[in-house]
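Novice: My file is coords34.txt. It has compact mmCIF, C-alpha atoms:
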```txt
# COMPACT_ATOMS: atom_id res chain seq x y z
CA MET A 1 -31.95 -3.01 -115.53
CA LYS A 2 -29.69 0.05 -115.65
CA LEU A 3 -27.35 1.59 -113.10
CA HIS A 4 -26.68 5.33 -112.85
CA LEU A 5 -24.01 6.55 -110.43
CA LEU A 6 -24.84 9.92 -108.88
CA ASP A 7 -22.18 12.43 -107.86
CA LEU A 8 -23.48 14.25 -104.78
CA GLY A 9 -20.49 16.43 -103.92
CA ARG A 10 -17.09 16.32 -102.22
CA LEU A 11 -15.91 15.83 -98.64
CA ASP A 12 -12.49 16.77 -97.31
CA TYR A 13 -11.07 14.97 -94.27
CA ASP A 14 -7.96 13.73 -92.52
CA GLU A 15 -6.57 10.55 -94.08
CA GLY A 16 -6.68 8.86 -90.68
CA TRP A 17 -10.48 8.55 -90.96
CA PRO A 18 -10.61 6.19 -93.97
CA LEU A 19 -7.20 4.49 -93.68
CA ALA A 20 -5.76 2.62 -90.70
CA ALA A 21 -2.50 4.26 -89.60
CA GLY A 22 -3.01 7.09 -92.08
CA GLY A 23 -0.51 9.79 -91.14
CA VAL A 24 0.81 7.80 -88.19
CA SER A 25 4.11 8.86 -86.67
CA THR A 26 6.99 6.41 -86.63
CA ALA A 27 10.40 6.26 -84.97
CA SER A 28 12.09 7.40 -88.17
CA GLN A 29 9.41 9.98 -89.02
CA PRO A 30 7.98 11.25 -85.73
CA GLU A 31 6.18 14.22 -87.31
CA PRO A 32 4.83 13.07 -90.69
CA GLY A 33 2.23 15.79 -91.08
CA ALA A 34 -1.49 15.30 -91.52
CA ALA A 35 -2.40 14.08 -95.00
CA ARG A 36 -5.88 14.95 -96.21
CA ARG A 37 -8.19 13.35 -98.75
CA THR A 38 -10.91 14.77 -100.94
CA VAL A 39 -13.57 12.15 -101.50
CA ALA A 40 -16.96 11.89 -103.17
CA MET A 41 -20.45 11.42 -101.83
CA ILE A 42 -21.97 8.75 -104.07
CA ALA A 43 -25.48 7.43 -104.60
CA ALA A 44 -26.93 5.20 -107.28
CA LEU A 45 -30.15 5.05 -109.25
CA ILE A 46 -31.21 1.60 -110.40
CA GLU A 47 -33.76 1.40 -113.19
CA HIS A 48 -35.43 -1.89 -112.32
CA PRO A 49 -37.80 -3.34 -114.95
CA LYS A 50 -40.37 -4.44 -112.34
CA ALA A 51 -39.79 -2.39 -109.19
CA GLY A 52 -39.26 0.88 -111.05
CA PRO A 53 -36.57 3.47 -110.23
CA VAL A 54 -34.80 2.53 -106.97
CA LEU A 55 -32.47 4.94 -105.17
CA PHE A 56 -29.49 3.60 -103.22
CA ASP A 57 -28.39 6.23 -100.68
CA THR A 58 -29.31 9.91 -100.74
CA GLY A 59 -26.19 11.94 -99.87
CA ALA A 60 -26.24 14.96 -97.58
CA ALA A 61 -29.21 17.22 -96.94
CA PRO A 62 -29.24 20.31 -99.18
CA ASN A 63 -29.25 22.49 -96.04
CA TYR A 64 -26.40 20.59 -94.43
CA LYS A 65 -24.77 23.82 -93.24
CA GLU A 66 -27.70 24.37 -90.88
CA LEU A 67 -28.09 20.74 -89.82
CA TRP A 68 -24.58 19.34 -89.40
CA PRO A 69 -23.04 20.11 -86.00
CA PRO A 70 -20.10 22.55 -86.26
CA VAL A 71 -17.61 19.92 -85.08
CA VAL A 72 -18.74 17.58 -87.86
CA GLN A 73 -18.32 20.32 -90.46
CA GLU A 74 -14.81 20.87 -89.13
CA LEU A 75 -13.88 17.18 -89.31
CA PHE A 76 -15.75 16.33 -92.53
CA ALA A 77 -15.84 19.53 -94.54
CA ILE A 78 -18.07 19.53 -97.59
CA SER A 79 -15.64 21.22 -99.95
CA ARG A 80 -17.83 21.14 -103.05
CA TYR A 81 -21.61 21.13 -103.25
CA ASP A 82 -22.85 22.85 -106.39
CA ALA A 83 -26.37 22.83 -107.78
CA GLU A 84 -25.58 19.71 -109.82
CA HIS A 85 -24.80 17.81 -106.61
CA ARG A 86 -28.24 18.30 -105.07
CA LEU A 87 -30.02 14.95 -105.07
CA ASP A 88 -33.04 16.25 -106.99
CA ASN A 89 -30.81 17.78 -109.68
CA ALA A 90 -28.60 14.69 -109.91
CA LEU A 91 -31.72 12.58 -110.44
CA GLY A 92 -32.92 15.05 -113.05
CA ALA A 93 -29.65 14.71 -114.96
CA ALA A 94 -30.29 10.96 -115.09
CA GLY A 95 -33.77 11.59 -116.48
CA PHE A 96 -35.82 11.16 -113.30
CA GLY A 97 -37.53 13.26 -110.67
CA VAL A 98 -37.96 12.67 -106.95
CA ASP A 99 -41.60 11.73 -107.62
CA ASP A 100 -40.46 8.90 -109.91
CA ILE A 101 -38.59 7.02 -107.17
CA ARG A 102 -40.47 3.90 -106.08
CA ALA A 103 -38.13 2.77 -103.29
CA VAL A 104 -35.17 4.12 -101.33
CA VAL A 105 -32.51 1.73 -100.02
CA LEU A 106 -30.04 3.05 -97.47
CA SER A 107 -26.66 1.46 -96.98
CA HIS A 108 -26.66 3.01 -93.50
CA LEU A 109 -28.03 6.04 -91.73
CA HIS A 110 -25.02 8.32 -91.42
CA LEU A 111 -25.62 11.95 -92.30
CA ASP A 112 -23.74 11.85 -95.63
CA HIS A 113 -25.78 8.88 -96.86
CA ALA A 114 -29.27 9.43 -95.45
CA GLY A 115 -29.52 13.22 -95.29
CA GLY A 116 -31.41 13.46 -98.57
CA LEU A 117 -34.32 11.58 -97.03
CA GLU A 118 -35.94 14.91 -96.29
CA LEU A 119 -36.95 15.04 -99.96
CA PHE A 120 -39.16 11.99 -99.38
CA ARG A 121 -41.20 13.24 -96.44
CA GLY A 122 -44.91 12.90 -97.11
CA ARG A 123 -44.42 10.72 -100.19
CA ASP A 124 -44.95 7.32 -98.50
CA VAL A 125 -42.06 5.86 -100.51
CA PRO A 126 -40.73 2.72 -98.77
CA VAL A 127 -37.34 3.34 -97.16
CA TYR A 128 -35.44 0.08 -96.78
CA VAL A 129 -32.70 -0.17 -94.16
CA HIS A 130 -31.33 -3.06 -92.13
CA ALA A 131 -33.13 -3.49 -88.81
CA ASP A 132 -29.82 -3.43 -86.91
CA GLU A 133 -28.96 -0.10 -88.49
CA LEU A 134 -32.39 1.35 -87.79
CA ARG A 135 -32.14 0.41 -84.13
CA ASN A 136 -28.59 1.71 -83.89
CA GLY A 137 -29.44 5.04 -85.50
CA PHE A 138 -32.55 5.75 -83.43
CA TYR A 139 -30.77 4.68 -80.24
CA GLY A 140 -27.77 6.85 -81.00
CA VAL A 141 -29.96 9.92 -81.49
CA ALA A 142 -32.31 9.19 -78.57
CA THR A 143 -29.47 8.76 -76.08
CA GLY A 144 -27.23 11.44 -77.55
CA GLN A 145 -24.27 9.06 -77.67
CA ASP A 146 -23.91 9.14 -81.45
CA VAL A 147 -25.43 12.43 -82.54
CA GLY A 148 -23.20 13.72 -85.29
CA ALA A 149 -22.91 10.54 -87.33
CA TYR A 150 -26.70 10.22 -87.05
CA LEU A 151 -28.98 13.25 -87.07
CA PRO A 152 -32.54 13.55 -85.74
CA HIS A 153 -33.86 15.59 -88.68
CA TYR A 154 -34.31 12.47 -90.84
CA LEU A 155 -34.71 9.86 -88.06
CA ASP A 156 -38.40 10.41 -87.43
CA PHE A 157 -41.65 8.50 -87.72
CA SER A 158 -42.97 10.33 -90.78
CA LEU A 159 -40.97 8.17 -93.17
CA ASN A 160 -42.15 4.79 -94.40
CA TRP A 161 -39.43 2.70 -92.75
CA GLN A 162 -39.15 -0.88 -94.02
CA PRO A 163 -36.62 -2.80 -91.88
CA LEU A 164 -34.73 -5.69 -93.45
CA HIS A 165 -33.48 -8.76 -91.58
CA GLY A 166 -30.75 -11.31 -92.15
CA ASP A 167 -27.39 -11.15 -93.86
CA HIS A 168 -28.57 -11.50 -97.47
CA VAL A 169 -31.78 -10.18 -98.99
CA GLU A 170 -32.82 -10.31 -102.64
CA LEU A 171 -35.03 -7.24 -102.49
CA PHE A 172 -35.85 -7.31 -106.20
CA ASP A 173 -34.88 -9.67 -109.03
CA GLY A 174 -31.19 -9.16 -109.73
CA PHE A 175 -30.82 -6.69 -106.85
CA GLU A 176 -29.34 -8.22 -103.69
CA LEU A 177 -28.40 -6.61 -100.40
CA HIS A 178 -25.58 -7.96 -98.21
CA ARG A 179 -25.09 -6.98 -94.58
CA LEU A 180 -21.50 -5.81 -94.10
CA PRO A 181 -20.95 -4.85 -90.45
CA GLY A 182 -17.80 -3.13 -89.30
CA HIS A 183 -18.34 0.55 -90.01
CA THR A 184 -21.86 0.29 -88.57
CA PRO A 185 -23.74 -2.78 -87.30
CA GLY A 186 -26.20 -2.93 -90.17
CA LEU A 187 -24.37 -1.49 -93.15
CA LEU A 188 -25.67 -2.86 -96.45
CA GLY A 189 -23.82 -3.34 -99.71
CA ALA A 190 -25.76 -3.89 -102.92
CA ARG A 191 -25.14 -6.36 -105.72
CA VAL A 192 -26.68 -5.37 -109.06
CA ASP A 193 -26.60 -7.84 -111.94
CA LEU A 194 -26.66 -6.06 -115.30
CA ALA A 195 -27.28 -7.95 -118.52
CA ASN A 196 -24.44 -6.38 -120.51
CA ALA A 197 -22.14 -4.69 -117.99
CA GLY A 198 -22.06 -7.63 -115.56
CA THR A 199 -22.25 -7.58 -111.79
CA HIS A 200 -21.61 -4.37 -109.88
CA ILE A 201 -21.20 -4.24 -106.10
CA LEU A 202 -21.93 -0.97 -104.31
CA THR A 203 -19.79 -1.33 -101.19
CA SER A 204 -20.80 1.87 -99.41
CA ASP A 205 -18.54 2.60 -96.43
CA GLN A 206 -17.29 -0.95 -96.02
CA PHE A 207 -14.64 0.35 -98.41
CA HIS A 208 -14.42 4.13 -98.40
CA LEU A 209 -11.57 3.99 -100.89
CA ARG A 210 -9.99 1.57 -103.33
CA ASP A 211 -7.07 1.33 -100.85
CA ASN A 212 -9.34 -0.34 -98.27
CA TYR A 213 -10.07 -3.20 -100.67
CA GLU A 214 -6.90 -3.59 -102.68
CA GLY A 215 -4.41 -3.17 -99.81
CA PRO A 216 -6.30 -4.39 -98.03
CA GLN A 217 -5.99 -1.47 -95.63
CA PRO A 218 -8.82 -1.37 -93.08
CA LEU A 219 -10.73 1.75 -92.22
CA GLY A 220 -9.06 4.07 -89.74
CA TRP A 221 -11.00 6.03 -87.14
CA LEU A 222 -14.23 5.26 -88.99
CA LEU A 223 -13.97 1.61 -88.00
CA ARG A 224 -16.31 0.48 -85.21
CA ASP A 225 -15.78 -3.29 -85.19
CA HIS A 226 -12.42 -4.55 -86.45
CA ALA A 227 -13.24 -8.28 -86.52
CA ALA A 228 -16.58 -7.69 -88.22
CA TRP A 229 -14.92 -5.50 -90.87
CA TRP A 230 -12.54 -8.31 -91.81
CA ARG A 231 -15.42 -10.79 -92.06
CA SER A 232 -17.23 -8.35 -94.35
CA TYR A 233 -14.06 -7.87 -96.38
CA ARG A 234 -13.73 -11.63 -96.97
CA HIS A 235 -17.40 -11.86 -97.93
CA VAL A 236 -17.13 -9.12 -100.56
CA ARG A 237 -13.82 -10.49 -101.84
CA THR A 238 -15.33 -13.95 -102.31
CA LEU A 239 -18.42 -12.53 -104.00
CA ALA A 240 -16.37 -10.31 -106.32
CA ASP A 241 -13.98 -13.13 -107.25
CA ARG A 242 -16.87 -15.46 -108.01
CA THR A 243 -18.84 -13.00 -110.13
CA GLY A 244 -16.05 -10.87 -111.64
CA ALA A 245 -17.86 -7.86 -110.23
CA THR A 246 -16.97 -4.23 -110.71
CA LEU A 247 -16.73 -2.59 -107.28
CA VAL A 248 -18.07 0.89 -106.57
CA PHE A 249 -16.27 2.05 -103.44
CA GLY A 250 -18.27 4.23 -101.09
CA HIS A 251 -16.36 7.52 -101.39
CA ASP A 252 -13.61 7.06 -103.96
CA ALA A 253 -13.76 10.07 -106.28
CA ASP A 254 -11.29 8.59 -108.78
CA VAL A 255 -13.28 5.37 -109.15
CA LEU A 256 -16.48 7.39 -109.50
CA ALA A 257 -14.93 9.44 -112.31
CA GLU A 258 -13.75 6.28 -114.08
CA LEU A 259 -17.15 4.62 -113.93
CA ARG A 260 -19.15 7.73 -114.85
CA ARG A 261 -17.48 7.96 -118.24
CA GLU A 262 -20.51 5.95 -119.30
CA PRO A 263 -23.64 7.71 -117.97
CA ALA A 264 -25.50 4.43 -117.38
CA TYR A 265 -24.69 0.76 -117.30
CA ASP A 266 -27.13 -1.91 -118.41
```
Could you show the structure in this file as structure tokens?
Specialist:
Amino acid sequence: MKLHLLDLGRLDYDEGWPLAAGGVSTASQPEPGAARRTVAMIAALIEHPKAGPVLFDTGAAPNYKELWPPVVQELFAISRYDAEHRLDNALGAAGFGVDDIRAVVLSHLHLDHAGGLELFRGRDVPVYVHADELRNGFYGVATGQDVGAYLPHYLDFSLNWQPLHGDHVELFDGFELHRLPGHTPGLLGARVDLANAGTHILTSDQFHLRDNYEGPQPLGWLLRDHAAWWRSYRHVRTLADRTGATLVFGHDADVLAELRREPAYD
């Protein structure tokens, strides 16, 4: 089994989104100024010896400028999206095409993680997502109460949705999914056990940045359930301590650059 990390572009946002109390005013510094962060959109391709090429997350839709609501583009500006960041081109650089993908696994259904699903329409590729996340996403779009984080253009019945249940699922040999609620109800992290490079944990937005894990500093405005986030934090911490895992944080551009010095891990 091999792991390829895919660089799908850059987002620019206020530091208060990923970090609790980011840019907060204090008595001694009442006007600290708004710090901003440039972060990466990250996906992963897993070459599985039995299941075939498996894609974990899909990034933003190539035509995000037309699909993302203006307020979202203001708050979460895609500051870099070159040809190399398109999902199909990123897969090509790893030696694969969209037609080669045998399964798509989504950590959650937010627009910067699931937007690339449009490339899989009409292909009947199984799209695995936690049942809680699937319900939350469809409900949010149907009622209009969470349109922006979720978008209707990829939440439709033409895709081959495969809902997952429970807190831990070994989807394929050596490829486990762990439910990590907090950012969304059904967010999934992935554990990949590689023969030579050891265990890697793809945390998705449980930890946007290294700071979230190593502080630990919880998510800021992106946090939906504070108590659940801390339970998920302890679960990942225990798993990482037990396995000596390398953690791939959901949007940390510096960590992505460090890990991509080797094009693939096996």
Novice: Mind dumping a table of every region 130-230 of chain A residue within 10 Å of region 59-67 of chain A, with the nearest atom pair and its distance in Å to one decimal, using all atoms listed in the file, sorted by chain and rising number, as JSON lines?
Specialist:
```
{"residue": "A:Gly148", "atom": "CA", "partner": "A:Leu67", "partner_atom": "CA", "distance": 9.7}
{"residue": "A:Leu151", "atom": "CA", "partner": "A:Leu67", "partner_atom": "CA", "distance": 8.0}
{"residue": "A:Pro152", "atom": "CA", "partner": "A:Leu67", "partner_atom": "CA", "distance": 9.4}
{"residue": "A:His153", "atom": "CA", "partner": "A:Leu67", "partner_atom": "CA", "distance": 7.8}
{"residue": "A:Tyr154", "atom": "CA", "partner": "A:Ala61", "partner_atom": "CA", "distance": 9.3}
```
Novice: Env of region 37-47 of chain A: 6 Å cut, atoms = all atoms listed in the file, seq-sep filter 2 positions within chain, self excluded. Answer as JSON, numbers by chain.
Specialist: {"A": [1, 2, 3, 4, 5, 6, 7, 8, 9, 10, 11, 12, 13, 15, 52, 53, 54, 55, 56, 57, 58, 251, 252, 253]}
Novice: Please, what distance in Å, to one decimal, runs between CA of Asn160 (chain A) and CA of Pro126 (chain A)?
Specialist: 5.0 Å
Novice: Point out the residue among A:Arg191, A:His183, A:Glu258, A:Asn196 with the least atom-to-atom distance to Trp229 (chain A), counting all atoms listed in the file.
Specialist: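 Checking each of A:Arg191, A:His183, A:Glu258, A:Asn196 against Trp229 (chain A), counting all atoms listed in the file, the winner is A:His183.
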Novice: Please, what distance in Å, to one decimal, runs between CA of Trp161 (chain A) and CA of Thr203 (chain A)?
Specialist: 21.8 Å
Novice: Return the single residue from A:Leu111, A:Val129, A:Leu75, A:Leu117 that is closest to Val98 (chain A), with distances computed using only C-alpha atoms.
Specialist: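 Comparing A:Leu111, A:Val129, A:Leu75, A:Leu117 against Val98 (chain A), the winner is A:Leu117.
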Novice: Excluding Thr246 (chain A) and its own-chain neighbours fewer than 3 positions away, which residues fall within 8 Å of it when counting all atoms listed in the file? Please give them as JSON, numbers by chain.
Specialist: {"A": [198, 199, 200, 201, 240]}
Novice: Compile the contact shell of region 166-169 of chain A as a list in words: residues with an atom at most 9 Å away, counting all atoms listed in the file, same-chain residues fewer than 5 positions apart removed.
Specialist: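 Using all atoms listed in the file, the neighbours found are His130, Ala131, Phe175, Glu176, Leu177, His178, Arg179, Leu180 and Leu188 of chain A.
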Novice: What is the distance, in Å and to one decimal place, between CA of Phe172 (chain A) and CA of His108 (chain A)?
Specialist: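 Separation between CA of Phe172 (chain A) and CA of His108 (chain A): 18.8 Å.
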Novice: So which residues touch Gln206 (chain A) within 9 Å, counting all atoms listed in the file, skipping near sequence neighbours fewer than 4 positions away, as a list of chain:residue names?
Specialist: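 Contacts, in chain order: A:Leu180, A:Pro181, A:Gly182, A:His183, A:Thr184, A:Leu187, A:Leu188, A:Gly189, A:Asn212, A:Tyr213, A:Pro218, A:Leu219, A:Trp229, A:Ser232, A:Tyr233, A:Phe249, A:Gly250.
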Novice: Between A:Arg80, A:Tyr139, A:Ala94, A:His165, single out the one closest to Tyr265 (chain A), counting all atoms listed in the file.
Specialist: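 Once distances to Tyr265 (chain A) are computed over all atoms listed in the file, the minimum belongs to A:Ala94.
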Novice: Taking into account only C-alpha atoms, which residue in the set A:Pro70, A:Gly174, A:Gly22, A:Pro32 is nearest to Ala190 (chain A)?
Specialist: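 Checking each of A:Pro70, A:Gly174, A:Gly22, A:Pro32 against Ala190 (chain A), counting only C-alpha atoms, the winner is A:Gly174.
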Novice: Using only C-alpha atoms for the distances, tell me which of A:Thr143, A:Asn136, A:Ser107, A:Thr238 is nearest to Ser204 (chain A).
Specialist: A:Ser107
Novice: Using only C-alpha atoms, find the one residue out of A:Val72, A:Phe138, A:Glu84, A:Lys50 that sits nearest to Arg102 (chain A).
Specialist: A:Lys50
Novice: Do you know which residues are at most 6 Å from Tyr128 (chain A) counting only C-alpha atoms, after dropping those on the same chain fewer than 4 positions away, and could you put them as number ranges by chain?
Specialist: A: 105, 162-163
